[in-house]
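Data file: query_34.cif. Format and content: mmCIF, C-alpha atoms.
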data_query
#
loop_
_atom_site.label_atom_id
_atom_site.label_comp_id
_atom_site.auth_asym_id
_atom_site.auth_seq_id
_atom_site.Cartn_x
_atom_site.Cartn_y
_atom_site.Cartn_z
CA MET A 1484 0.00 0.00 0.00
CA ALA A 1485 1.30 3.48 -0.86
CA ASP A 1486 2.35 5.77 1.98
CA VAL A 1487 -0.47 8.02 3.18
CA LEU A 1488 -0.40 11.36 5.01
CA ASP A 1489 -3.26 10.81 7.46
CA ILE A 1490 -5.45 13.86 8.18
CA ALA A 1491 -5.64 13.24 11.94
CA ALA A 1492 -1.87 12.79 12.11
CA LEU A 1493 -1.31 16.00 10.15
CA ARG A 1494 -3.53 17.88 12.64
CA SER A 1495 -1.44 16.59 15.53
CA PHE A 1496 1.77 17.49 13.73
CA THR A 1497 0.72 21.07 12.95
CA SER A 1498 -0.50 21.47 16.54
CA ILE A 1499 2.98 20.51 17.82
CA ALA A 1500 4.49 23.28 15.69
CA ASP A 1501 1.80 25.79 16.69
CA CYS A 1502 1.78 25.00 20.42
CA GLY A 1503 5.50 24.42 20.92
CA GLY A 1504 5.47 20.81 22.07
CA PHE A 1505 3.62 17.53 22.44
CA HIS A 1506 1.94 18.26 25.79
CA ARG A 1507 0.43 21.59 24.75
CA ALA A 1508 -0.58 20.22 21.37
CA ALA A 1509 -2.43 17.33 23.01
CA ALA A 1510 -4.29 19.74 25.31
CA ALA A 1511 -5.23 22.04 22.42
CA ILE A 1512 -6.73 19.31 20.21
CA GLY A 1513 -8.20 17.16 22.97
CA LEU A 1514 -6.02 14.05 22.55
CA SER A 1515 -3.64 12.21 24.86
CA GLN A 1516 0.06 12.94 24.52
CA SER A 1517 0.67 9.33 23.57
CA ALA A 1518 -1.85 9.62 20.72
CA VAL A 1519 -0.09 12.74 19.42
CA SER A 1520 3.27 10.93 19.59
CA GLN A 1521 1.82 7.98 17.72
CA HIS A 1522 0.56 10.31 14.99
CA VAL A 1523 4.04 11.75 14.54
CA ARG A 1524 5.57 8.28 14.31
CA ARG A 1525 3.00 7.41 11.65
CA LEU A 1526 3.98 10.44 9.60
CA GLU A 1527 7.68 9.74 10.04
CA LYS A 1528 7.11 6.22 8.77
CA ALA A 1529 5.22 7.58 5.75
CA VAL A 1530 7.91 10.10 4.75
CA GLY A 1531 10.87 7.98 5.86
CA ARG A 1532 12.54 10.81 7.81
CA PRO A 1533 12.48 12.21 11.37
CA LEU A 1534 10.16 15.21 11.62
CA VAL A 1535 10.57 16.34 15.24
CA GLU A 1536 13.62 16.44 17.47
CA ARG A 1537 14.38 17.33 21.07
CA VAL A 1538 17.25 19.70 21.76
CA GLY A 1539 17.53 19.89 25.54
CA ARG A 1540 14.06 20.86 26.72
CA VAL A 1541 13.07 22.31 23.36
CA THR A 1542 10.91 20.52 20.79
CA ARG A 1543 11.70 21.65 17.26
CA LEU A 1544 10.99 20.56 13.72
CA THR A 1545 13.71 19.03 11.59
CA ALA A 1546 14.35 20.34 8.06
CA PRO A 1547 11.96 17.70 6.58
CA GLY A 1548 9.51 18.64 9.33
CA GLU A 1549 9.54 22.28 8.20
CA ILE A 1550 8.78 21.15 4.64
CA LEU A 1551 5.94 18.89 5.78
CA LEU A 1552 4.47 21.68 7.96
CA ALA A 1553 3.97 23.91 4.92
CA GLU A 1554 2.39 21.06 2.94
CA ALA A 1555 0.26 19.94 5.89
CA ARG A 1556 -1.36 23.37 6.19
CA LYS A 1557 -2.32 23.29 2.51
CA ILE A 1558 -3.73 19.75 2.80
CA LEU A 1559 -5.75 20.52 5.92
CA ALA A 1560 -7.13 23.77 4.50
CA ALA A 1561 -8.28 22.01 1.31
CA HIS A 1562 -9.75 19.12 3.32
CA ASP A 1563 -11.70 21.37 5.69
CA GLU A 1564 -13.03 23.64 2.98
CA ALA A 1565 -14.22 20.63 0.98
CA LEU A 1566 -16.19 19.45 4.02
CA ALA A 1567 -17.61 22.94 4.53
CA ARG A 1568 -18.83 23.10 0.93
CA LEU A 1569 -20.54 19.75 1.48
CA GLY A 1570 -22.30 21.06 4.58
CA ARG A 1571 -20.07 19.23 7.01
CA GLY A 1572 -17.31 20.22 9.38
CA ALA A 1573 -17.59 23.84 10.50
CA GLY A 1574 -21.16 23.79 11.73
CA GLY A 1575 -22.70 25.18 8.51
CA ALA A 1576 -25.65 23.26 7.16
CA ALA A 1577 -24.80 20.34 9.38
CA GLY A 1578 -25.80 22.26 12.52
CA ALA A 1579 -24.18 20.49 15.46
CA GLY A 1580 -20.65 19.27 14.88
CA THR A 1581 -17.12 20.55 15.10
CA LEU A 1582 -16.48 24.23 15.71
CA VAL A 1583 -13.63 25.50 13.55
CA VAL A 1584 -11.56 28.28 15.12
CA GLY A 1585 -9.19 30.27 12.94
CA ALA A 1586 -6.18 32.08 14.37
CA THR A 1587 -2.80 33.43 13.40
CA GLU A 1588 0.23 31.65 14.83
CA HIS A 1589 1.22 34.38 17.29
CA ALA A 1590 0.69 33.17 20.89
CA ALA A 1591 -1.20 30.15 19.54
CA ASP A 1592 0.37 27.95 22.23
CA ARG A 1593 -1.47 30.03 24.86
CA ILE A 1594 -4.59 31.16 23.02
CA LEU A 1595 -5.69 27.83 21.54
CA PRO A 1596 -5.97 25.89 24.84
CA ALA A 1597 -7.85 28.82 26.42
CA ILE A 1598 -10.36 28.95 23.56
CA THR A 1599 -10.72 25.16 23.57
CA GLY A 1600 -11.64 25.11 27.26
CA ALA A 1601 -14.15 27.94 26.90
CA LEU A 1602 -15.91 26.50 23.86
CA LYS A 1603 -16.14 23.00 25.32
CA GLU A 1604 -17.80 24.55 28.37
CA HIS A 1605 -20.26 26.61 26.32
CA TYR A 1606 -20.94 23.93 23.70
CA PRO A 1607 -20.64 20.53 25.39
CA GLY A 1608 -20.67 17.65 22.95
CA ARG A 1609 -19.17 19.69 20.11
CA GLY A 1610 -15.59 19.23 19.03
CA VAL A 1611 -13.16 22.08 18.47
CA ARG A 1612 -10.72 22.19 15.56
CA PHE A 1613 -8.22 24.90 14.70
CA ARG A 1614 -7.00 26.37 11.46
CA LEU A 1615 -3.90 28.56 11.65
CA ASP A 1616 -3.22 30.78 8.66
CA ARG A 1617 -2.57 34.32 7.49
CA GLY A 1618 -5.20 36.89 8.44
CA THR A 1619 -6.53 37.48 4.93
CA ARG A 1620 -7.05 33.76 4.34
CA LEU A 1621 -8.76 33.37 7.70
CA SER A 1622 -11.09 36.25 6.86
CA ASP A 1623 -11.92 34.60 3.53
CA GLY A 1624 -12.63 31.35 5.38
CA VAL A 1625 -15.08 33.14 7.69
CA ASP A 1626 -16.86 34.68 4.70
CA ARG A 1627 -17.14 31.28 2.98
CA GLY A 1628 -18.41 29.60 6.13
CA ALA A 1629 -15.41 27.28 6.38
CA ILE A 1630 -14.40 28.88 9.71
CA ASP A 1631 -16.85 29.58 12.54
CA VAL A 1632 -14.80 32.17 14.40
CA ALA A 1633 -11.38 33.70 13.76
CA VAL A 1634 -9.00 35.71 15.94
CA PHE A 1635 -6.79 38.17 14.06
CA VAL A 1636 -3.64 40.05 14.97
CA GLY A 1637 -4.01 43.68 13.99
CA ASP A 1638 -6.37 44.53 11.15
CA ALA A 1639 -9.20 42.01 10.73
CA GLY A 1640 -9.31 42.78 7.05
CA THR A 1641 -12.35 43.45 4.93
CA GLY A 1642 -15.21 41.01 4.87
CA THR A 1643 -18.96 40.75 4.78
CA GLY A 1644 -19.24 41.34 8.52
CA GLY A 1645 -17.58 43.54 11.10
CA SER A 1646 -15.16 42.55 13.82
CA VAL A 1647 -15.16 42.91 17.59
CA PRO A 1648 -12.13 43.68 19.78
CA ALA A 1649 -10.60 40.75 21.66
CA GLY A 1650 -7.92 42.44 23.75
CA GLU A 1651 -4.35 43.46 23.06
CA LEU A 1652 -1.45 41.09 22.47
CA PRO A 1653 1.75 42.04 24.35
CA LEU A 1654 4.89 42.00 22.23
CA ALA A 1655 8.57 41.71 23.19
CA TRP A 1656 11.94 41.11 21.58
CA PHE A 1657 13.39 37.63 22.06
CA ALA A 1658 16.83 36.16 21.47
CA ALA A 1659 18.79 33.00 22.26
CA PRO A 1660 20.48 32.85 25.68
CA GLY A 1661 23.88 34.48 25.43
CA TRP A 1662 23.03 36.45 22.28
CA ARG A 1663 24.67 39.87 22.23
CA MET A 1664 23.85 43.09 20.38
CA PRO A 1665 26.18 43.79 17.45
CA ALA A 1666 28.88 46.45 17.67
CA PRO A 1667 27.85 50.10 17.16
CA GLY A 1668 27.18 50.85 13.52
CA VAL A 1669 26.41 47.22 12.67
CA PRO A 1670 22.71 46.57 11.80
CA VAL A 1671 20.74 44.45 14.24
CA PRO A 1672 19.99 41.05 12.64
CA VAL A 1673 16.23 40.43 12.67
CA VAL A 1674 14.29 37.21 12.09
CA VAL A 1675 10.77 37.64 10.67
CA ILE A 1676 7.86 35.88 9.04
CA ASP A 1677 7.75 36.60 5.32
CA HIS A 1678 5.54 39.38 3.95
CA PRO A 1679 2.71 40.16 4.62
CA CYS A 1680 2.82 39.97 8.43
CA THR A 1681 1.62 42.53 10.96
CA ILE A 1682 4.27 41.61 13.55
CA ARG A 1683 7.03 41.81 10.93
CA ARG A 1684 5.89 45.31 9.99
CA ARG A 1685 5.72 46.39 13.64
CA ALA A 1686 9.24 45.09 14.31
CA LEU A 1687 10.90 46.86 11.40
CA ASP A 1688 8.88 50.07 11.79
CA THR A 1689 9.70 50.28 15.51
CA LEU A 1690 13.44 49.91 14.93
CA ALA A 1691 13.41 52.48 12.12
CA ARG A 1692 11.39 54.94 14.18
CA HIS A 1693 13.96 54.75 16.99
CA GLY A 1694 16.89 55.12 14.62
CA VAL A 1695 18.10 51.53 15.08
CA ALA A 1696 19.63 50.14 11.90
CA SER A 1697 18.43 46.60 11.16
CA ALA A 1698 18.81 43.88 8.56
CA VAL A 1699 16.45 40.97 7.92
CA VAL A 1700 18.67 37.89 8.08
CA VAL A 1701 15.99 35.17 8.06
CA GLU A 1702 12.50 35.10 6.53
CA ALA A 1703 10.38 32.08 7.44
CA ALA A 1704 7.00 31.02 6.15
CA TYR A 1705 5.80 30.06 9.63
CA LEU A 1706 6.44 30.99 13.25
CA ALA A 1707 8.14 27.67 13.98
CA GLY A 1708 10.88 28.60 11.52
CA VAL A 1709 11.28 32.03 13.11
CA MET A 1710 11.72 30.52 16.57
CA ASN A 1711 14.22 27.94 15.35
CA ALA A 1712 16.31 30.66 13.71
CA ILE A 1713 16.25 32.78 16.88
CA ARG A 1714 17.18 29.76 19.01
CA GLY A 1715 20.08 29.17 16.65
CA GLY A 1716 21.45 32.62 17.47
CA LEU A 1717 20.90 34.07 13.99
CA GLY A 1718 19.17 37.20 15.26
CA VAL A 1719 16.40 38.69 17.37
CA GLY A 1720 12.68 38.47 16.74
CA LEU A 1721 9.54 40.27 17.84
CA LEU A 1722 7.14 37.72 19.34
CA ALA A 1723 3.97 37.59 21.40
CA ASP A 1724 4.80 37.90 25.09
CA VAL A 1725 2.11 35.89 26.86
CA GLY A 1726 3.28 33.88 29.87
CA PRO A 1727 6.77 32.41 30.20
CA PRO A 1728 9.20 32.88 27.28
CA PRO A 1729 9.14 30.19 24.57
CA GLU A 1730 11.49 27.31 25.29
CA GLY A 1731 15.08 28.13 24.44
CA LEU A 1732 14.49 31.89 24.18
CA GLN A 1733 14.80 34.86 26.50
CA ARG A 1734 13.51 38.41 26.41
CA CYS A 1735 15.91 40.98 24.98
CA ALA A 1736 15.74 44.35 26.76
CA ASP A 1737 18.32 46.07 24.55
CA LEU A 1738 15.84 47.12 21.86
CA PRO A 1739 12.99 49.69 21.89
CA PRO A 1740 9.75 48.48 23.51
CA VAL A 1741 6.82 47.77 21.22
CA PRO A 1742 3.22 48.57 22.27
CA PRO A 1743 0.68 45.72 22.31
CA GLU A 1744 -0.99 44.72 19.06
CA PRO A 1745 -4.83 44.81 18.94
CA LEU A 1746 -6.64 41.51 18.47
CA HIS A 1747 -9.95 41.32 16.63
CA LEU A 1748 -12.48 38.57 16.18
CA ARG A 1749 -14.95 37.70 13.41
CA THR A 1750 -17.63 35.02 13.16
CA ARG A 1751 -19.39 33.58 10.14
CA ALA A 1752 -22.85 34.95 9.38
CA ASP A 1753 -24.82 32.02 10.87
CA ALA A 1754 -22.45 31.15 13.73
CA PRO A 1755 -23.91 29.57 16.89
CA PRO A 1756 -25.34 32.12 19.36
CA GLY A 1757 -22.79 33.37 21.85
CA LEU A 1758 -19.77 32.10 19.93
CA ALA A 1759 -18.15 35.52 19.49
CA GLY A 1760 -18.70 36.46 23.13
CA ALA A 1761 -17.37 33.18 24.53
CA THR A 1762 -14.28 33.26 22.31
CA ALA A 1763 -13.49 36.93 22.96
CA ALA A 1764 -13.94 36.47 26.72
CA ALA A 1765 -11.54 33.51 26.74
CA VAL A 1766 -8.88 35.52 24.91
CA ARG A 1767 -9.34 38.61 27.10
CA ASP A 1768 -9.18 36.55 30.31
CA LEU A 1769 -5.97 34.89 29.14
CA LEU A 1770 -4.32 38.20 28.28
CA ALA A 1771 -5.44 39.79 31.55
CA ALA A 1772 -3.95 36.91 33.54
CA ALA A 1773 -0.68 37.20 31.64
CA VAL A 1774 -0.13 40.85 32.56
#

Could I get this file's structure written as C-alpha cells?
Amino acid sequence: MADVLDIAALRSFTSIADCGGFHRAAAAIGLSQSAVSQHVRRLEKAVGRPLVERVGRVTRLTAPGEILLAEARKILAAHDEALARLGRGAGGAAGAGTLVVGATEHAADRILPAITGALKEHYPGRGVRFRLDRGTRLSDGVDRGAIDVAVFVGDAGTGTGGSVPAGELPLAWFAAPGWRMPAPGVPVPVVVIDHPCTIRRRALDTLARHGVASAVVVEAAYLAGVMNAIRGGLGVGLLADVGPPPEGLQRCADLPPVPPEPLHLRTRADAPPGLAGATAAAVRDLLAAAV
C-alpha cells in the first residue's frame, strides 16, 4: 500500500508546531500525549525521515519537518473547505458538529488551549478544531463559512461582517540565551515571518522609528521557523509575550519596547449564538492573567 499522510496525524503534527510541544498540542486538540506521539511516528514512517527532534528541553521541527508543515497546512485547508462546501465540518448546514476556530500563529500555544476550554464549556458535545493561517485567508474562510470564528492580529481585514475587539497582544523582543547586540554601527539582525505579516511590519517600523539600523537575516513562512532561527542565534525576533518565554528563548531588553498589538475577532454569518462572546472572553481573560 502506498504511503499516506493521514489527516488526523497531520492535525497533531501542525499542533505541535503551533503550540511548541507535544503536551500543549495534546491539550489544544483534545487528545492524549501518547496519541499525538503515535501520529508523529505514523507520519515519520510515511515520509521515511524524522520530523521532530528534542534539543535539551526544546521541541523543534527538523528540516523535513519544516517542509511537511507547509504542505500539511495546505492539505488541511483544502480538506476542511471541501467538508464545509458539502455542509459538514464547521457547523454550517450540518448544525451540530465541530467548531472550527481560525487564528494566526502568534501566541497560539497560549490562546488555543484557552479557547478550547471555553468552547467546550459553552458547547458541550461539540468538538473544536483549529486552522492557523494568514489573516486574509482566515477572513476569507469566515466569509465562505469554512471557519466559525477567527482571531486576528491587527487589522481584521475586509469582509462581509464587522469585527469585535478581543484584547491586546503584548509584544517583546526575544533572542537566544547568550546572544549579544552587534557592535555600534552594525545593523541588528532580525528574524521575521515573510511578507505580509503585521508583527514583521511592527518590528521593522519600531526599529526604524527609533533610529536603530536593522537587517532581515531570516525570513520564514511560519512561526516555527522564526523561533528555530532565533534559538540558533541568527538574530532577534519580535514575538507575542504571553506567559513564560518560549522554550530556548529569553527576552531581549536592549531594543525599543513595542506597544501591544490589537486583536480582533470575526464570526461567520450564521455562527452559533454566543460564539463571538465566549471566544473573545476567553482571549481577554488569558491576556489579563498574563499581565

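The shortest atom-to-atom distance to Leu1717 (chain A), with only C-alpha atoms taken into account, belongs to A:Met1664 out of A:Leu1738, A:Arg1685, A:Met1664, A:Thr1750.
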
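Minimum atom-to-atom distances from A:Leu1552, A:Leu1687, A:Ala1546, A:Leu1769 to Gly1600 (chain A) were compared using all atoms listed in the file, and the lowest value belongs to A:Leu1769.
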
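The space separating CA of Arg1537 (chain A) from CA of Ala1590 (chain A) comes to 20.9 Å.
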
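The space separating CA of Ser1498 (chain A) from CA of Pro1740 (chain A) comes to 29.7 Å.
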
Check what the PyMOL selection byres ((chain A and resi 1753) around 9) selects in the file above and give those residues as a tab-separated table (two decimals) with C-alpha atoms, keeping the file's coordinate frame.
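Saved the output as selection_13.tsv:
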chain	number	residue	atom	x	y	z
A	1575	GLY	CA	-22.70	25.18	8.51
A	1628	GLY	CA	-18.41	29.60	6.13
A	1631	ASP	CA	-16.85	29.58	12.54
A	1750	THR	CA	-17.63	35.02	13.16
A	1751	ARG	CA	-19.39	33.58	10.14
A	1752	ALA	CA	-22.85	34.95	9.38
A	1754	ALA	CA	-22.45	31.15	13.73
A	1755	PRO	CA	-23.91	29.57	16.89
A	1756	PRO	CA	-25.34	32.12	19.36

- prompt: Hey, what's within 12 Å of Trp1662 (chain A) if we count only C-alpha atoms and toss same-chain stuff fewer than 6 positions away? As a ChimeraX atom specification, please?
  reply: /A:1671-1672,1713-1720,1731-1737

message: I need every residue sitting at most 7 Å from the point (11.8, 15.2, 16.0) (coordinates as in the file, all atoms listed in the file considered), written as a ChimeraX atom specification.
response: /A:1533-1537,1543-1545

For those residues, write C-alpha atoms to a file as an mmCIF file, keeping the file's coordinate frame.
data_model
loop_
_atom_site.group_PDB
_atom_site.id
_atom_site.type_symbol
_atom_site.label_atom_id
_atom_site.label_comp_id
_atom_site.auth_asym_id
_atom_site.auth_seq_id
_atom_site.Cartn_x
_atom_site.Cartn_y
_atom_site.Cartn_z
ATOM 1 C CA PRO A 1533 12.480 12.210 11.370
ATOM 2 C CA LEU A 1534 10.160 15.210 11.620
ATOM 3 C CA VAL A 1535 10.570 16.340 15.240
ATOM 4 C CA GLU A 1536 13.620 16.440 17.470
ATOM 5 C CA ARG A 1537 14.380 17.330 21.070
ATOM 6 C CA ARG A 1543 11.700 21.650 17.260
ATOM 7 C CA LEU A 1544 10.990 20.560 13.720
ATOM 8 C CA THR A 1545 13.710 19.030 11.590
#

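CA of Val1632 (chain A) is found 21.3 Å from CA of Ala1500 (chain A).
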
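With all atoms listed in the file as the atoms that count, the residue of A:Leu1488, A:Val1741, A:Val1675, A:Val1583 with the shortest distance to Glu1554 (chain A) is A:Leu1488.
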
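Residue nearest Leu1722 (chain A), chosen from A:Pro1743, A:Gly1580, A:Gly1661, A:Gly1757 and counting all atoms listed in the file: A:Pro1743.
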
task: Compile the contact shell of Lys1603 (chain A) as a VMD selection string: residues with an atom at most 12 Å away, counting only C-alpha atoms, same-chain residues fewer than 2 positions apart removed.
output: chain A and resid 1511 to 1513 1580 to 1582 1596 to 1601 1605 to 1612 1758 1761 to 1762 1765

task: Could you please give me, as number ranges by chain, the residues of protein, DNA or RNA lying at most 8 Å from (7.4, 34.1, 6.5) in the coordinate frame of the file, considering only C-alpha atoms?
output: A: 1675-1680, 1702-1706, 1709

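If you measure from each of A:Ala1712, A:Gly1726, A:Arg1620, A:Pro1739 to Val1673 (chain A) using only C-alpha atoms, the closest one turns out to be A:Ala1712.
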
- prompt: Taking into account all atoms listed in the file, which residue in the set A:Glu1527, A:Asp1623, A:Asp1563, A:Asp1592 is nearest to Ala1510 (chain A)?
  reply: A:Asp1592

query: Near Ala1696 (chain A), within 7 Å and counting all atoms listed in the file, which residues show up once chain neighbours fewer than 3 positions away are dropped, as a PyMOL selection string?
result: chain A and resi 1670-1671+1690-1691

- prompt: Expanded to explicit residues, what is the PyMOL selection byres ((chain A and resi 1616) around 12) for this file, as a ChimeraX atom specification?
  reply: /A:1497,1501,1552-1553,1555-1557,1559-1560,1584-1589,1591,1613-1615,1617-1624,1630,1633-1636,1679-1680,1704-1706

How would region 1535-1555 of chain A look with N, CA and C atoms restored, written as a PDB file, in the frame of the given file?
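Output file rebuild02.pdb is given in full below:
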ATOM      1  N   VAL A1535      10.483  15.562  14.001  1.00  0.00           N
ATOM      2  CA  VAL A1535      10.570  16.340  15.240  1.00  0.00           C
ATOM      3  C   VAL A1535      11.782  15.874  16.010  1.00  0.00           C
ATOM      4  N   GLU A1536      12.464  16.805  16.655  1.00  0.00           N
ATOM      5  CA  GLU A1536      13.620  16.440  17.470  1.00  0.00           C
ATOM      6  C   GLU A1536      13.597  17.224  18.777  1.00  0.00           C
ATOM      7  N   ARG A1537      14.236  16.653  19.792  1.00  0.00           N
ATOM      8  CA  ARG A1537      14.380  17.330  21.070  1.00  0.00           C
ATOM      9  C   ARG A1537      15.809  17.827  21.195  1.00  0.00           C
ATOM     10  N   VAL A1538      15.950  19.109  21.503  1.00  0.00           N
ATOM     11  CA  VAL A1538      17.250  19.700  21.760  1.00  0.00           C
ATOM     12  C   VAL A1538      17.187  20.271  23.175  1.00  0.00           C
ATOM     13  N   GLY A1539      17.713  19.520  24.141  1.00  0.00           N
ATOM     14  CA  GLY A1539      17.530  19.890  25.540  1.00  0.00           C
ATOM     15  C   GLY A1539      16.059  19.770  25.896  1.00  0.00           C
ATOM     16  N   ARG A1540      15.483  20.851  26.359  1.00  0.00           N
ATOM     17  CA  ARG A1540      14.060  20.860  26.720  1.00  0.00           C
ATOM     18  C   ARG A1540      13.184  21.372  25.580  1.00  0.00           C
ATOM     19  N   VAL A1541      13.795  21.684  24.463  1.00  0.00           N
ATOM     20  CA  VAL A1541      13.070  22.310  23.360  1.00  0.00           C
ATOM     21  C   VAL A1541      12.663  21.278  22.320  1.00  0.00           C
ATOM     22  N   THR A1542      11.401  21.336  21.900  1.00  0.00           N
ATOM     23  CA  THR A1542      10.910  20.520  20.790  1.00  0.00           C
ATOM     24  C   THR A1542      10.950  21.366  19.538  1.00  0.00           C
ATOM     25  N   ARG A1543      11.632  20.885  18.498  1.00  0.00           N
ATOM     26  CA  ARG A1543      11.700  21.650  17.260  1.00  0.00           C
ATOM     27  C   ARG A1543      11.541  20.724  16.056  1.00  0.00           C
ATOM     28  N   LEU A1544      11.147  21.319  14.949  1.00  0.00           N
ATOM     29  CA  LEU A1544      10.990  20.560  13.720  1.00  0.00           C
ATOM     30  C   LEU A1544      12.337  20.392  13.038  1.00  0.00           C
ATOM     31  N   THR A1545      12.533  19.235  12.433  1.00  0.00           N
ATOM     32  CA  THR A1545      13.710  19.030  11.590  1.00  0.00           C
ATOM     33  C   THR A1545      13.491  19.734  10.263  1.00  0.00           C
ATOM     34  N   ALA A1546      14.509  19.727   9.389  1.00  0.00           N
ATOM     35  CA  ALA A1546      14.350  20.340   8.060  1.00  0.00           C
ATOM     36  C   ALA A1546      13.212  19.670   7.268  1.00  0.00           C
ATOM     37  N   PRO A1547      13.123  18.317   7.249  1.00  0.00           N
ATOM     38  CA  PRO A1547      11.960  17.700   6.580  1.00  0.00           C
ATOM     39  C   PRO A1547      10.652  18.060   7.274  1.00  0.00           C
ATOM     40  N   GLY A1548      10.712  18.251   8.602  1.00  0.00           N
ATOM     41  CA  GLY A1548       9.510  18.640   9.330  1.00  0.00           C
ATOM     42  C   GLY A1548       9.005  20.002   8.907  1.00  0.00           C
ATOM     43  N   GLU A1549       9.928  20.948   8.668  1.00  0.00           N
ATOM     44  CA  GLU A1549       9.540  22.280   8.200  1.00  0.00           C
ATOM     45  C   GLU A1549       8.860  22.185   6.839  1.00  0.00           C
ATOM     46  N   ILE A1550       9.385  21.324   5.968  1.00  0.00           N
ATOM     47  CA  ILE A1550       8.780  21.150   4.640  1.00  0.00           C
ATOM     48  C   ILE A1550       7.380  20.559   4.775  1.00  0.00           C
ATOM     49  N   LEU A1551       7.257  19.526   5.607  1.00  0.00           N
ATOM     50  CA  LEU A1551       5.940  18.890   5.780  1.00  0.00           C
ATOM     51  C   LEU A1551       4.942  19.857   6.401  1.00  0.00           C
ATOM     52  N   LEU A1552       5.387  20.731   7.322  1.00  0.00           N
ATOM     53  CA  LEU A1552       4.470  21.680   7.960  1.00  0.00           C
ATOM     54  C   LEU A1552       3.784  22.551   6.912  1.00  0.00           C
ATOM     55  N   ALA A1553       4.562  23.071   5.966  1.00  0.00           N
ATOM     56  CA  ALA A1553       3.970  23.910   4.920  1.00  0.00           C
ATOM     57  C   ALA A1553       2.963  23.120   4.092  1.00  0.00           C
ATOM     58  N   GLU A1554       3.310  21.882   3.731  1.00  0.00           N
ATOM     59  CA  GLU A1554       2.390  21.060   2.940  1.00  0.00           C
ATOM     60  C   GLU A1554       1.166  20.649   3.742  1.00  0.00           C
ATOM     61  N   ALA A1555       1.368  20.368   5.029  1.00  0.00           N
ATOM     62  CA  ALA A1555       0.260  19.940   5.890  1.00  0.00           C
ATOM     63  C   ALA A1555      -0.806  21.024   5.985  1.00  0.00           C
TER      64      ALA A1555
END
